[in-house]
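Peer 1: What follows is target-v6.pdb; its format and atoms are PDB, C-alpha atoms and all ligand atoms.
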ATOM      1  CA  MET A 198     139.972 151.447  91.932
ATOM      2  CA  ASN A 199     140.300 148.641  94.395
ATOM      3  CA  THR A 200     143.023 149.424  96.889
ATOM      4  CA  ALA A 201     141.936 149.285 100.512
ATOM      5  CA  ILE A 202     141.404 152.765 101.892
ATOM      6  CA  ALA A 203     142.302 151.800 105.440
ATOM      7  CA  THR A 204     144.007 149.016 107.321
ATOM      8  CA  SER A 205     142.506 147.306 110.308
ATOM      9  CA  ASN A 206     145.120 148.450 112.802
ATOM     10  CA  THR A 207     144.252 152.128 112.728
ATOM     11  CA  SER A 208     140.855 153.695 113.329
ATOM     12  CA  PHE A 209     139.483 155.879 110.572
ATOM     13  CA  THR A 210     136.364 157.663 109.439
ATOM     14  CA  ALA A 211     135.174 158.418 105.944
ATOM     15  CA  ASN A 212     132.275 160.213 104.376
ATOM     16  CA  LEU A 213     130.753 157.666 102.058
ATOM     17  CA  GLN A 214     129.056 160.351  99.985
ATOM     18  CA  ASP A 215     132.487 161.746  99.122
ATOM     19  CA  LEU A 216     133.716 158.337  98.021
ATOM     20  CA  ILE A 217     130.831 157.561  95.703
ATOM     21  CA  GLU A 218     131.857 157.613  92.029
ATOM     22  CA  TYR A 219     129.744 156.032  89.324
ATOM     23  CA  PRO A 220     131.288 154.520  86.232
ATOM     24  CA  LYS A 221     129.608 155.186  82.875
ATOM     25  CA  SER A 222     128.520 151.580  82.941
ATOM     26  CA  GLY A 223     129.081 148.586  85.188
ATOM     27  CA  ILE A 224     130.517 148.642  88.671
ATOM     28  CA  LEU A 225     133.171 150.592  90.496
ATOM     29  CA  SER A 226     134.189 149.169  93.828
ATOM     30  CA  LYS A 227     136.395 150.581  96.572
ATOM     31  CA  VAL A 228     137.620 148.387  99.382
ATOM     32  CA  LEU A 229     137.219 150.504 102.498
ATOM     33  CA  LEU A 230     138.732 148.061 104.900
ATOM     34  CA  LYS A 231     139.727 144.467 104.990
ATOM     35  CA  ASP A 232     141.351 142.151 107.437
ATOM     36  CA  LYS A 233     141.576 138.432 107.956
ATOM     37  CA  ASN A 234     137.935 138.053 108.902
ATOM     38  CA  SER A 235     136.019 140.780 107.175
ATOM     39  CA  GLN A 236     135.895 143.109 104.220
ATOM     40  CA  TYR A 237     133.941 146.337 103.703
ATOM     41  CA  THR A 238     133.569 147.492 100.129
ATOM     42  CA  LEU A 239     131.744 150.453  98.637
ATOM     43  CA  PHE A 240     129.993 149.424  95.442
ATOM     44  CA  CYS A 241     128.862 152.032  92.931
ATOM     45  CA  LEU A 242     126.692 150.582  90.173
ATOM     46  CA  ALA A 243     125.734 152.590  87.107
ATOM     47  CA  ALA A 244     122.007 152.586  86.396
ATOM     48  CA  SER A 245     120.780 149.361  84.737
ATOM     49  CA  THR A 246     123.791 147.312  85.847
ATOM     50  CA  GLU A 247     122.936 143.719  86.597
ATOM     51  CA  ILE A 248     124.862 141.188  88.635
ATOM     52  CA  ASP A 249     123.921 137.626  87.784
ATOM     53  CA  GLU A 250     122.951 135.147  90.436
ATOM     54  CA  HIS A 251     125.873 133.922  92.516
ATOM     55  CA  THR A 252     126.729 132.933  96.075
ATOM     56  CA  SER A 253     129.318 133.978  98.614
ATOM     57  CA  THR A 254     130.935 131.636 101.084
ATOM     58  CA  ARG A 255     130.870 134.434 103.646
ATOM     59  CA  ASN A 256     127.995 136.118 105.426
ATOM     60  CA  ALA A 257     127.241 139.424 103.742
ATOM     61  CA  VAL A 258     125.409 142.627 104.645
ATOM     62  CA  ILE A 259     124.302 145.236 102.133
ATOM     63  CA  THR A 260     123.683 148.762 103.448
ATOM     64  CA  VAL A 261     122.263 151.038 100.759
ATOM     65  CA  ILE A 262     123.599 154.601 100.701
ATOM     66  CA  GLU A 263     121.810 156.045  97.683
ATOM     67  CA  GLY A 264     119.876 155.012  94.591
ATOM     68  CA  THR A 265     117.431 152.190  94.033
ATOM     69  CA  GLY A 266     117.587 148.657  92.771
ATOM     70  CA  ASN A 267     116.331 145.158  93.191
ATOM     71  CA  LEU A 268     117.984 142.340  95.069
ATOM     72  CA  ASN A 269     116.789 138.838  94.422
ATOM     73  CA  LEU A 270     117.746 136.860  97.487
ATOM     74  CA  GLU A 271     116.987 133.151  97.491
ATOM     75  CA  GLY A 272     114.250 133.755  94.906
ATOM     76  CA  LYS A 273     112.643 136.659  96.799
ATOM     77  CA  ASP A 274     112.704 140.218  95.422
ATOM     78  CA  ILE A 275     113.819 142.912  97.843
ATOM     79  CA  ALA A 276     113.588 146.584  96.879
ATOM     80  CA  LEU A 277     116.818 148.417  97.603
ATOM     81  CA  ALA A 278     116.556 152.045  98.655
ATOM     82  CA  PRO A 279     118.642 154.422 100.826
ATOM     83  CA  GLY A 280     118.876 153.139 104.385
ATOM     84  CA  GLY A 281     118.055 149.581 103.303
ATOM     85  CA  PHE A 282     119.914 146.905 105.230
ATOM     86  CA  VAL A 283     119.953 143.299 104.030
ATOM     87  CA  PHE A 284     121.678 140.364 105.648
ATOM     88  CA  MET A 285     122.570 137.521 103.279
ATOM     89  CA  ALA A 286     123.610 134.279 104.893
ATOM     90  CA  ALA A 287     126.676 132.546 103.482
ATOM     91  CA  ASN A 288     125.880 130.482 100.374
ATOM     92  CA  ALA A 289     122.476 132.137  99.810
ATOM     93  CA  PRO A 290     122.044 132.672  96.034
ATOM     94  CA  HIS A 291     121.454 136.303  95.126
ATOM     95  CA  ALA A 292     121.300 138.556  92.070
ATOM     96  CA  LEU A 293     121.176 142.316  91.852
ATOM     97  CA  GLN A 294     119.932 144.976  89.498
ATOM     98  CA  ALA A 295     120.500 148.729  89.798
ATOM     99  CA  LYS A 296     117.421 150.676  88.664
ATOM    100  CA  GLU A 297     119.261 153.969  88.929
ATOM    101  CA  ASN A 298     122.805 154.757  90.033
ATOM    102  CA  LEU A 299     123.105 152.701  93.185
ATOM    103  CA  ALA A 300     125.694 152.885  95.962
ATOM    104  CA  PHE A 301     125.943 150.473  98.839
ATOM    105  CA  VAL A 302     128.447 149.122 101.306
ATOM    106  CA  LEU A 303     128.931 145.383 101.254
ATOM    107  CA  ALA A 304     130.292 143.907 104.467
ATOM    108  CA  LEU A 305     131.604 140.362 104.200
ATOM    109  CA  SER A 306     132.324 138.466 107.368
ATOM    110  CA  GLU A 307     133.901 135.117 107.887
ATOM    111  CA  HIS A 308     131.873 132.417 109.423
ATOM    112  CA  PRO A 309     134.496 129.781 110.012
ATOM    113  CA  PRO A 310     133.338 126.227 110.566
ATOM    114  CA  ALA A 311     133.657 125.060 114.124
ATOM    115  CA  LYS A 312     137.177 123.767 114.437
ATOM    116  CA  LYS A 313     137.555 120.207 115.595
ATOM    117  CA  LYS A 314     140.043 119.971 118.396
ATOM    118  CA  ILE A 315     142.807 117.464 117.809
ATOM    119  CA  SER A 316     142.893 114.946 120.645
ATOM    120  CA  GLN A 317     145.856 114.922 123.015
ATOM    121  CA  GLN A 318     146.499 111.318 122.061
ATOM    122  CA  THR A 319     146.838 112.297 118.397
ATOM    123  CA  ILE A 320     149.134 115.197 119.296
ATOM    124  CA  ASP A 321     151.381 112.874 121.317
ATOM    125  CA  ILE A 322     151.542 110.215 118.611
ATOM    126  CA  VAL A 323     152.175 112.709 115.792
ATOM    127  CA  LYS A 324     154.926 114.391 117.814
ATOM    128  CA  SER A 325     156.505 111.025 118.511
ATOM    129  CA  THR A 326     156.817 110.462 114.746
ATOM    130  CA  ALA A 327     158.791 113.704 114.248
ATOM    131  CA  PRO A 328     162.282 112.116 114.497
ATOM    132  CA  ILE A 329     161.496 109.476 111.905
ATOM    133  CA  LEU A 330     159.890 112.100 109.675
ATOM    134  CA  LYS A 331     163.064 114.139 109.895
ATOM    135  CA  GLN A 332     165.030 111.117 108.792
ATOM    136  CA  GLN A 333     162.677 109.668 106.197
ATOM    137  CA  GLY A 334     160.656 112.747 105.230
ATOM    138  CA  GLN A 335     161.919 113.181 101.717
ATOM    139  CA  LYS A 336     161.607 109.467 100.995
ATOM    140  CA  ILE A 337     157.971 109.669 102.124
ATOM    141  CA  THR A 338     157.119 112.761 100.082
ATOM    142  CA  THR A 339     158.910 111.450  96.988
ATOM    143  CA  ARG A 340     156.834 108.299  97.311
ATOM    144  CA  MET A 341     153.692 110.369  97.889
ATOM    145  CA  TYR A 342     154.165 112.281  94.602
ATOM    146  CA  GLU A 343     154.945 109.017  92.825
ATOM    147  CA  ILE A 344     151.649 107.530  94.051
ATOM    148  CA  MET A 345     149.687 110.702  93.322
ATOM    149  CA  PHE A 346     150.966 111.265  89.789
ATOM    150  CA  HIS A 347     150.354 107.618  88.976
ATOM    151  CA  LYS A 348     146.871 107.436  90.463
ATOM    152  CA  TYR A 349     145.719 110.982  89.656
ATOM    153  CA  PRO A 350     147.740 111.989  86.557
ATOM    154  CA  LYS A 351     145.586 115.065  85.881
ATOM    155  CA  VAL A 352     147.020 116.838  88.909
ATOM    156  CA  LYS A 353     150.495 116.852  87.268
ATOM    157  CA  ALA A 354     149.502 119.880  85.220
ATOM    158  CA  GLN A 355     149.585 122.045  88.371
ATOM    159  CA  PHE A 356     153.127 121.098  89.291
ATOM    160  CA  ASP A 357     156.495 122.265  88.093
ATOM    161  CA  MET A 358     157.851 118.867  87.120
ATOM    162  CA  SER A 359     161.477 120.031  87.161
ATOM    163  CA  ALA A 360     161.041 120.758  90.893
ATOM    164  CA  GLN A 361     159.890 117.162  91.218
ATOM    165  CA  ALA A 362     162.819 115.767  89.238
ATOM    166  CA  ASN A 363     165.456 117.686  91.200
ATOM    167  CA  GLY A 364     163.769 116.873  94.507
ATOM    168  CA  THR A 365     163.041 120.486  95.513
ATOM    169  CA  GLN A 366     159.298 120.074  95.868
ATOM    170  CA  PRO A 367     159.443 116.756  97.793
ATOM    171  CA  ALA A 368     162.004 118.433 100.090
ATOM    172  CA  LYS A 369     159.703 121.404 100.702
ATOM    173  CA  LEU A 370     156.770 119.142 101.465
ATOM    174  CA  ALA A 371     158.918 117.040 103.791
ATOM    175  CA  THR A 372     159.957 120.164 105.708
ATOM    176  CA  ALA A 373     156.320 121.259 105.979
ATOM    177  CA  VAL A 374     155.178 117.853 107.239
ATOM    178  CA  TYR A 375     158.018 117.687 109.759
ATOM    179  CA  SER A 376     157.319 121.229 110.963
ATOM    180  CA  TYR A 377     153.688 120.335 111.427
ATOM    181  CA  ALA A 378     154.588 117.216 113.407
ATOM    182  CA  THR A 379     156.766 119.246 115.757
ATOM    183  CA  HIS A 380     154.325 122.172 116.140
ATOM    184  CA  ILE A 381     150.958 120.454 115.958
ATOM    185  CA  ASP A 382     150.118 121.903 119.374
ATOM    186  CA  ASP A 383     151.565 125.354 118.583
ATOM    187  CA  LEU A 384     150.124 126.297 115.198
ATOM    188  CA  GLU A 385     150.854 129.986 115.788
ATOM    189  CA  ALA A 386     154.509 129.143 115.135
ATOM    190  CA  LEU A 387     153.568 127.803 111.693
ATOM    191  CA  LYS A 388     151.546 130.808 110.588
ATOM    192  CA  ALA A 389     154.159 132.225 108.203
ATOM    193  CA  MET A 390     154.828 128.828 106.670
ATOM    194  CA  ILE A 391     151.130 128.085 106.225
ATOM    195  CA  ASP A 392     150.596 131.482 104.677
ATOM    196  CA  ASN A 393     153.426 131.008 102.172
ATOM    197  CA  ILE A 394     152.211 127.588 101.151
ATOM    198  CA  ALA A 395     148.615 128.777 100.890
ATOM    199  CA  HIS A 396     149.665 131.600  98.550
ATOM    200  CA  ARG A 397     151.604 129.119  96.414
ATOM    201  CA  HIS A 398     148.543 126.859  96.352
ATOM    202  CA  VAL A 399     146.322 129.700  95.212
ATOM    203  CA  LYS A 400     148.815 130.568  92.455
ATOM    204  CA  THR A 401     148.685 126.961  91.290
ATOM    205  CA  HIS A 402     144.867 126.759  91.582
ATOM    206  CA  VAL A 403     144.712 124.134  94.311
ATOM    207  CA  SER A 404     141.103 123.412  95.264
ATOM    208  CA  PRO A 405     139.532 122.028  98.475
ATOM    209  CA  GLU A 406     138.459 118.865  96.633
ATOM    210  CA  GLN A 407     142.106 117.992  96.060
ATOM    211  CA  TYR A 408     142.992 117.722  99.755
ATOM    212  CA  PRO A 409     141.608 114.194 100.180
ATOM    213  CA  ILE A 410     143.741 113.113  97.191
ATOM    214  CA  VAL A 411     146.953 114.413  98.736
ATOM    215  CA  GLY A 412     145.843 112.994 102.105
ATOM    216  CA  GLU A 413     145.250 109.534 100.683
ATOM    217  CA  CYS A 414     148.604 109.513  98.870
ATOM    218  CA  LEU A 415     150.559 110.945 101.791
ATOM    219  CA  LEU A 416     149.133 108.394 104.224
ATOM    220  CA  GLN A 417     149.834 105.594 101.776
ATOM    221  CA  ALA A 418     153.401 106.859 101.387
ATOM    222  CA  ILE A 419     153.886 106.969 105.173
ATOM    223  CA  GLN A 420     152.709 103.387 105.328
ATOM    224  CA  ASP A 421     154.940 102.285 102.426
ATOM    225  CA  VAL A 422     158.097 103.924 103.731
ATOM    226  CA  LEU A 423     157.714 103.333 107.456
ATOM    227  CA  GLY A 424     156.386  99.796 107.167
ATOM    228  CA  ASP A 425     155.795  98.253 110.599
ATOM    229  CA  THR A 426     156.657 101.525 112.347
ATOM    230  CA  ALA A 427     153.446 102.928 110.892
ATOM    231  CA  THR A 428     151.204 101.125 113.366
ATOM    232  CA  LYS A 429     147.446 101.389 113.290
ATOM    233  CA  GLU A 430     147.649 104.042 116.020
ATOM    234  CA  VAL A 431     150.179 106.070 114.038
ATOM    235  CA  MET A 432     148.041 105.916 110.911
ATOM    236  CA  THR A 433     144.870 106.904 112.798
ATOM    237  CA  ALA A 434     146.662 109.829 114.420
ATOM    238  CA  TRP A 435     148.109 111.037 111.108
ATOM    239  CA  THR A 436     144.711 110.714 109.418
ATOM    240  CA  GLU A 437     143.213 113.031 112.030
ATOM    241  CA  ALA A 438     146.208 115.362 111.950
ATOM    242  CA  TYR A 439     146.177 115.616 108.149
ATOM    243  CA  GLN A 440     142.470 116.461 108.111
ATOM    244  CA  ALA A 441     143.048 119.253 110.609
ATOM    245  CA  LEU A 442     145.925 120.661 108.545
ATOM    246  CA  ALA A 443     143.930 120.378 105.333
ATOM    247  CA  GLU A 444     141.122 122.362 106.960
ATOM    248  CA  ILE A 445     143.560 125.116 107.930
ATOM    249  CA  PHE A 446     144.863 125.353 104.358
ATOM    250  CA  ILE A 447     141.409 125.223 102.801
ATOM    251  CA  ASN A 448     140.168 128.079 104.999
ATOM    252  CA  ARG A 449     143.240 130.233 104.429
ATOM    253  CA  GLU A 450     143.181 129.602 100.677
ATOM    254  CA  GLN A 451     139.502 130.448 100.520
ATOM    255  CA  GLN A 452     140.303 133.836 102.091
ATOM    256  CA  ILE A 453     143.106 134.460  99.586
ATOM    257  CA  TYR A 454     140.934 133.453  96.617
ATOM    258  CA  GLN A 455     138.147 135.764  97.812
ATOM    259  CA  THR A 456     140.434 138.708  98.476
ATOM    260  CA  ALA A 457     142.113 138.269  95.097
ATOM    261  CA  ALA A 458     138.723 138.188  93.380
ATOM    262  CA  ALA A 459     137.574 141.349  95.155
ATOM    263  CA  ILE A 460     140.797 143.217  94.393
ATOM    264  CA  SER A 461     141.527 142.191  90.840
ATOM    265  CA  SER A 462     138.082 142.190  89.315
ATOM    266  CA  PRO A 463     136.949 145.607  88.093
ATOM    267  CA  VAL A 464     133.421 144.303  88.454
ATOM    268  CA  ALA A 465     133.832 142.648  91.837
ATOM    269  CA  GLN A 466     130.560 141.051  92.771
ATOM    270  CA  PRO A 467     128.881 141.076  96.134
TER     271      PRO A 467
HETATM  272  C1  LIG B   1     148.216 119.546 103.995
HETATM  273  C2  LIG B   1     148.515 119.330 102.731
HETATM  274  C3  LIG B   1     149.601 120.044 101.981
HETATM  275  C4  LIG B   1     150.830 120.461 102.356
HETATM  276  C5  LIG B   1     151.493 120.338 103.725
HETATM  277  C6  LIG B   1     151.449 121.081 101.207
HETATM  278  C7  LIG B   1     152.709 121.646 101.174
HETATM  279  C8  LIG B   1     153.248 122.322 100.127
HETATM  280  C9  LIG B   1     154.517 123.009 100.133
HETATM  281  C10 LIG B   1     155.483 123.058 101.299
HETATM  282  C11 LIG B   1     154.684 123.588  98.929
HETATM  283  C12 LIG B   1     155.881 124.437  98.456
HETATM  284  C13 LIG B   1     155.548 125.894  98.639
HETATM  285  C14 LIG B   1     156.685 126.785  98.154
HETATM  286  O1  LIG B   1     157.063 126.704  96.986
HETATM  287  O2  LIG B   1     157.172 127.562  98.965
HETATM  288  C15 LIG B   1     153.523 123.265  98.144
HETATM  289  C16 LIG B   1     153.354 123.637  96.841
HETATM  290  C17 LIG B   1     152.366 123.116  96.042
HETATM  291  N1  LIG B   1     151.335 122.310  96.441
HETATM  292 FE1  LIG B   1     150.950 121.689  98.288
HETATM  293  N2  LIG B   1     150.597 121.003 100.153
HETATM  294  C18 LIG B   1     149.459 120.375 100.583
HETATM  295  C19 LIG B   1     148.342 120.107  99.834
HETATM  296  C20 LIG B   1     148.281 120.265  98.483
HETATM  297  C21 LIG B   1     147.179 119.868  97.668
HETATM  298  C22 LIG B   1     145.863 119.263  98.164
HETATM  299  C23 LIG B   1     147.501 120.142  96.399
HETATM  300  C24 LIG B   1     146.654 119.845  95.203
HETATM  301  C25 LIG B   1     147.055 119.128  94.217
HETATM  302  C26 LIG B   1     148.807 120.754  96.411
HETATM  303  C27 LIG B   1     149.470 121.232  95.316
HETATM  304  C28 LIG B   1     150.594 122.012  95.344
HETATM  305  C29 LIG B   1     151.173 122.642  94.176
HETATM  306  C30 LIG B   1     150.632 122.554  92.760
HETATM  307  C31 LIG B   1     152.291 123.336  94.611
HETATM  308  C32 LIG B   1     153.281 124.097  93.749
HETATM  309  C33 LIG B   1     154.352 123.124  93.374
HETATM  310  C34 LIG B   1     155.219 123.563  92.236
HETATM  311  O3  LIG B   1     155.566 124.744  92.138
HETATM  312  O4  LIG B   1     155.610 122.671  91.470
HETATM  313  N3  LIG B   1     149.246 120.805  97.690
HETATM  314  N4  LIG B   1     152.665 122.504  98.885
END
Once you've parsed the file, please lay out its structure as structure tokens.
Peer 2:
Amino acid sequence: MNTAIATSNTSFTANLQDLIEYPKSGILSKVLLKDKNSQYTLFCLAASTEIDEHTSTRNAVITVIEGTGNLNLEGKDIALAPGGFVFMAANAPHALQAKENLAFVLALSEHPPAKKKISQQTIDIVKSTAPILKQQGQKITTRMYEIMFHKYPKVKAQFDMSAQANGTQPAKLATAVYSYATHIDDLEALKAMIDNIAHRHVKTHVSPEQYPIVGECLLQAIQDVLGDTATKEVMTAWTEAYQALAEIFINREQQIYQTAAAISSPVAQP
């Protein structure tokens, strides 16, 4: 059972003892609460269950409710027993073994990288390109896919090629790029759009490593289509602006991937 017991906009209390349920074998997890930045999950591990070494991109805290086990954190063994509290820094490798039925609450919290502020100069330049992006947007994005599929053919597998052929996908990307240019200093207004795109990206298995590829091809396409209008200043501003947008998508997609993993896996791992 993995549905969240509470939402973050209403206060609630629960008796953890009442929620503990051990499976015959393996792990049963119950998400107590989750929001954009954190997730609290009750894990109930049947005796002898082992979780292989892995890492989490978020900071994590284990608070043991009952039972005993062993946590190997960054190569060090830590005995888990009721009342035990362990903080695991993001990316610290850890493995776990339940000696007897073991119940603990795992709290995951975001530790977002410090956001780089886009310079006012970049904002002004990017905004000044909005009219031409409105006019030439689809030409630019069509060119960008042409460059990308030629240079990085493997990425084709993630795309619906009929949406390329009929222009739907280039049109969607053009709208997104134009919207970003007009709202680069008011990202709140783009939240719904970013969320939709991020969900689509997760469905199509987009990974952080692919952002520089799209960035390279998009910038090249801007240069190709706009020619002399794409001055050095325009290209520098768009390079900075793209990186900032890519960071927003990567962070949002990471949250969606993590939430999906915690919800869908019957043996969600801390
Ligand atoms: C800042 C950069 C990016 C922007 C603005 C962007 C924008 C978009 C938009 C607007 C959509 C359509 C969403 C919908 O159907 O409602 C989309 C879909 C998609 N994007 Fe991106 N994207 C970006 C980066 C990437 C990257 C790095 C990849 C990796 C290859 C990627 C791969 C995809 C795929 C596979 C789809 C689904 C397309 C399909 O259904 O054929 N995108 N993106």
Peer 1: Which residues of chain A sit at most 9 Å from ligand LIG 1 (chain B), using only C-alpha atoms and all ligand atoms? Give each one's shortest atom pair and distance in Å (one decimal place), in chain and ascending residue order, as a Markdown table.
Peer 2:
| residue | atom | partner | partner_atom | distance |
| --- | --- | --- | --- | --- |
| A:Met345 | CA | B:LIG1 | C25 | 8.9 |
| A:Val352 | CA | B:LIG1 | C25 | 5.8 |
| A:Lys353 | CA | B:LIG1 | C30 | 7.9 |
| A:Ala354 | CA | B:LIG1 | C30 | 8.1 |
| A:Gln355 | CA | B:LIG1 | C30 | 4.5 |
| A:Phe356 | CA | B:LIG1 | O4 | 3.7 |
| A:Asp357 | CA | B:LIG1 | O4 | 3.5 |
| A:Met358 | CA | B:LIG1 | O4 | 6.2 |
| A:Ser359 | CA | B:LIG1 | O4 | 7.7 |
| A:Ala360 | CA | B:LIG1 | O4 | 5.8 |
| A:Gln361 | CA | B:LIG1 | O4 | 7.0 |
| A:Thr365 | CA | B:LIG1 | C12 | 8.7 |
| A:Gln366 | CA | B:LIG1 | C12 | 6.1 |
| A:Pro367 | CA | B:LIG1 | C10 | 8.2 |
| A:Ala368 | CA | B:LIG1 | C10 | 8.1 |
| A:Lys369 | CA | B:LIG1 | C10 | 4.6 |
| A:Leu370 | CA | B:LIG1 | C10 | 4.1 |
| A:Ala371 | CA | B:LIG1 | C10 | 7.4 |
| A:Thr372 | CA | B:LIG1 | C10 | 6.9 |
| A:Ala373 | CA | B:LIG1 | C10 | 5.1 |
| A:Val374 | CA | B:LIG1 | C5 | 5.7 |
| A:Tyr377 | CA | B:LIG1 | C5 | 8.0 |
| A:Met390 | CA | B:LIG1 | C10 | 7.9 |
| A:Ile391 | CA | B:LIG1 | C5 | 8.1 |
| A:Asn393 | CA | B:LIG1 | O2 | 6.0 |
| A:Ile394 | CA | B:LIG1 | C13 | 4.5 |
| A:Ala395 | CA | B:LIG1 | N4 | 7.7 |
| A:His396 | CA | B:LIG1 | C13 | 8.2 |
| A:Arg397 | CA | B:LIG1 | C13 | 5.6 |
| A:His398 | CA | B:LIG1 | N1 | 5.3 |
| A:Val399 | CA | B:LIG1 | C29 | 8.6 |
| A:Lys400 | CA | B:LIG1 | C32 | 8.0 |
| A:Thr401 | CA | B:LIG1 | C30 | 5.0 |
| A:His402 | CA | B:LIG1 | C30 | 7.2 |
| A:Val403 | CA | B:LIG1 | C24 | 4.8 |
| A:Ser404 | CA | B:LIG1 | C24 | 6.6 |
| A:Pro405 | CA | B:LIG1 | C22 | 6.9 |
| A:Glu406 | CA | B:LIG1 | C22 | 7.6 |
| A:Gln407 | CA | B:LIG1 | C22 | 4.5 |
| A:Tyr408 | CA | B:LIG1 | C22 | 3.6 |
| A:Pro409 | CA | B:LIG1 | C22 | 6.9 |
| A:Ile410 | CA | B:LIG1 | C22 | 6.6 |
| A:Val411 | CA | B:LIG1 | C22 | 5.0 |
| A:Gly412 | CA | B:LIG1 | C2 | 6.9 |
| A:Leu415 | CA | B:LIG1 | C2 | 8.7 |
| A:Tyr439 | CA | B:LIG1 | C1 | 6.1 |
| A:Gln440 | CA | B:LIG1 | C1 | 7.7 |
| A:Ala441 | CA | B:LIG1 | C1 | 8.4 |
| A:Leu442 | CA | B:LIG1 | C1 | 5.2 |
| A:Ala443 | CA | B:LIG1 | C1 | 4.6 |
| A:Glu444 | CA | B:LIG1 | C1 | 8.2 |
| A:Ile445 | CA | B:LIG1 | C1 | 8.3 |
| A:Phe446 | CA | B:LIG1 | C1 | 6.7 |
| A:Ile447 | CA | B:LIG1 | C22 | 8.8 |
Peer 1: Pick out the closest residue to Ala362 in chain A from this set: A:Thr433, A:His380, A:Asn234, A:Glu343. Count all atoms listed in the file.
Peer 2: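 Between A:Thr433, A:His380, A:Asn234, A:Glu343, the residue approaching Ala362 in chain A most closely is A:Glu343.
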Peer 1: Identify the residues around (134.4, 158.4, 93.7) within a radius of 12 Å, measuring from only C-alpha atoms in the coordinates stated by the file, and give them as a VMD selection string.
Peer 2: chain A and resid 198 to 199 212 to 220 224 to 228 239 to 242 300
Peer 1: Those same residues - C-alpha atoms - I'd like them written as a CSV table (one decimal), keeping the file's coordinate frame.
Peer 2:
chain,number,residue,atom,x,y,z
A,198,MET,CA,140.0,151.4,91.9
A,199,ASN,CA,140.3,148.6,94.4
A,212,ASN,CA,132.3,160.2,104.4
A,213,LEU,CA,130.8,157.7,102.1
A,214,GLN,CA,129.1,160.4,100.0
A,215,ASP,CA,132.5,161.7,99.1
A,216,LEU,CA,133.7,158.3,98.0
A,217,ILE,CA,130.8,157.6,95.7
A,218,GLU,CA,131.9,157.6,92.0
A,219,TYR,CA,129.7,156.0,89.3
A,220,PRO,CA,131.3,154.5,86.2
A,224,ILE,CA,130.5,148.6,88.7
A,225,LEU,CA,133.2,150.6,90.5
A,226,SER,CA,134.2,149.2,93.8
A,227,LYS,CA,136.4,150.6,96.6
A,228,VAL,CA,137.6,148.4,99.4
A,239,LEU,CA,131.7,150.5,98.6
A,240,PHE,CA,130.0,149.4,95.4
A,241,CYS,CA,128.9,152.0,92.9
A,242,LEU,CA,126.7,150.6,90.2
A,300,ALA,CA,125.7,152.9,96.0
Peer 1: To test your reading of the syntax: which residues would the PyMOL selection byres (((chain A and resi 260) around 8) and not hetatm) return for the file shown? Reply as a ChimeraX atom specification.
Peer 2: /A:258-259,261-262,280-283,301-303
Peer 1: Distance CA of Thr326 in chain A-CA of Tyr375 in chain A, one decimal place?
Peer 2: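 These two atoms are separated by 8.9 Å.
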Peer 1: Taking (159.0, 109.8, 108.0) in the file's coordinates as the center, which residues reach within 9 Å of it, counting all atoms listed in the file, put as a list of chain:residue names?
Peer 2: A:Thr326, A:Ala327, A:Pro328, A:Ile329, A:Leu330, A:Lys331, A:Gln332, A:Gln333, A:Gly334, A:Gln335, A:Lys336, A:Ile337, A:Thr338, A:Ala371, A:Val374, A:Tyr375, A:Ile419, A:Val422, A:Leu423
Peer 1: Need the shell around Met432 in chain A: protein/DNA/RNA residues with any atom at most 8 Å away, counting all atoms listed in the file. Skip same-chain ones fewer than 4 positions apart. Format as a list in words?
Peer 2: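 Surrounding residues, per the criterion: Leu416, Gln420, Ala427, Thr428 and Thr436 of chain A.
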Peer 1: For CA of Lys429 in chain A and CA of Lys314 in chain A, quote the distance in Å rounded to one decimal.
Peer 2: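 Computing the Euclidean distance for CA of Lys429 in chain A and CA of Lys314 in chain A yields 20.6 Å.
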Peer 1: So, counting only C-alpha atoms, which residue among A:Cys414, A:Val431, A:Ala243, A:Ala389 is closest to Asn298 in chain A?
Peer 2: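 Closest to Asn298 in chain A of all the choices is A:Ala243.
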Peer 1: Would you kindly return, as number ranges by chain, each protein, DNA or RNA residue with an atom no farther than 8 Å from any atom of Asn288 in chain A, considering all atoms listed in the file and excluding same-chain residues fewer than 2 positions away?
Peer 2: A: 252-256, 286, 290
Peer 1: Identify which of the residues A:Trp435, A:Tyr237, A:Phe209, A:Tyr454 lies closest to Ile322 in chain A, counting all atoms listed in the file when measuring atom-to-atom distances.
Peer 2: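 Of the candidates, the smallest distance to Ile322 in chain A is held by A:Trp435.
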Peer 1: Work out how far apart CA of Asp274 in chain A and CA of Gln294 in chain A are and give it in Å to one decimal.
Peer 2: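 Between CA of Asp274 in chain A and CA of Gln294 in chain A the gap works out to 10.5 Å.
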Peer 1: Taking only C-alpha atoms into account, which of A:Thr456, A:Asn267, A:Thr210, A:Ser306 comes nearest His291 in chain A?
Peer 2: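 Going through A:Thr456, A:Asn267, A:Thr210, A:Ser306 one by one, the smallest distance to His291 in chain A is for A:Asn267.
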Peer 1: Let me have the centre and edge lengths of the axis-aligned box enclosing all listed atoms of range 436-444 of chain A with 4 Å padding on every side, in Å to one decimal, as AutoDock Vina command-line options.
Peer 2:
--center_x 143.7 --center_y 116.5 --center_z 108.7 --size_x 13.1 --size_y 19.6 --size_z 14.7
Peer 1: With the PyMOL selection byres (((chain A and resi 269) around 12) and not hetatm) as the selection, what would be picked from this file? Answer as a list of chain:residue names, please.
Peer 2: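 Those residues are A:Glu247, A:Ile248, A:Asp249, A:Glu250, A:His251, A:Thr252, A:Gly266, A:Asn267, A:Leu268, A:Leu270, A:Glu271, A:Gly272, A:Lys273, A:Asp274, A:Ile275, A:Ala276, A:Leu277, A:Val283, A:Met285, A:Ala289, A:Pro290, A:His291, A:Ala292, A:Leu293, A:Gln294, A:Ala295.
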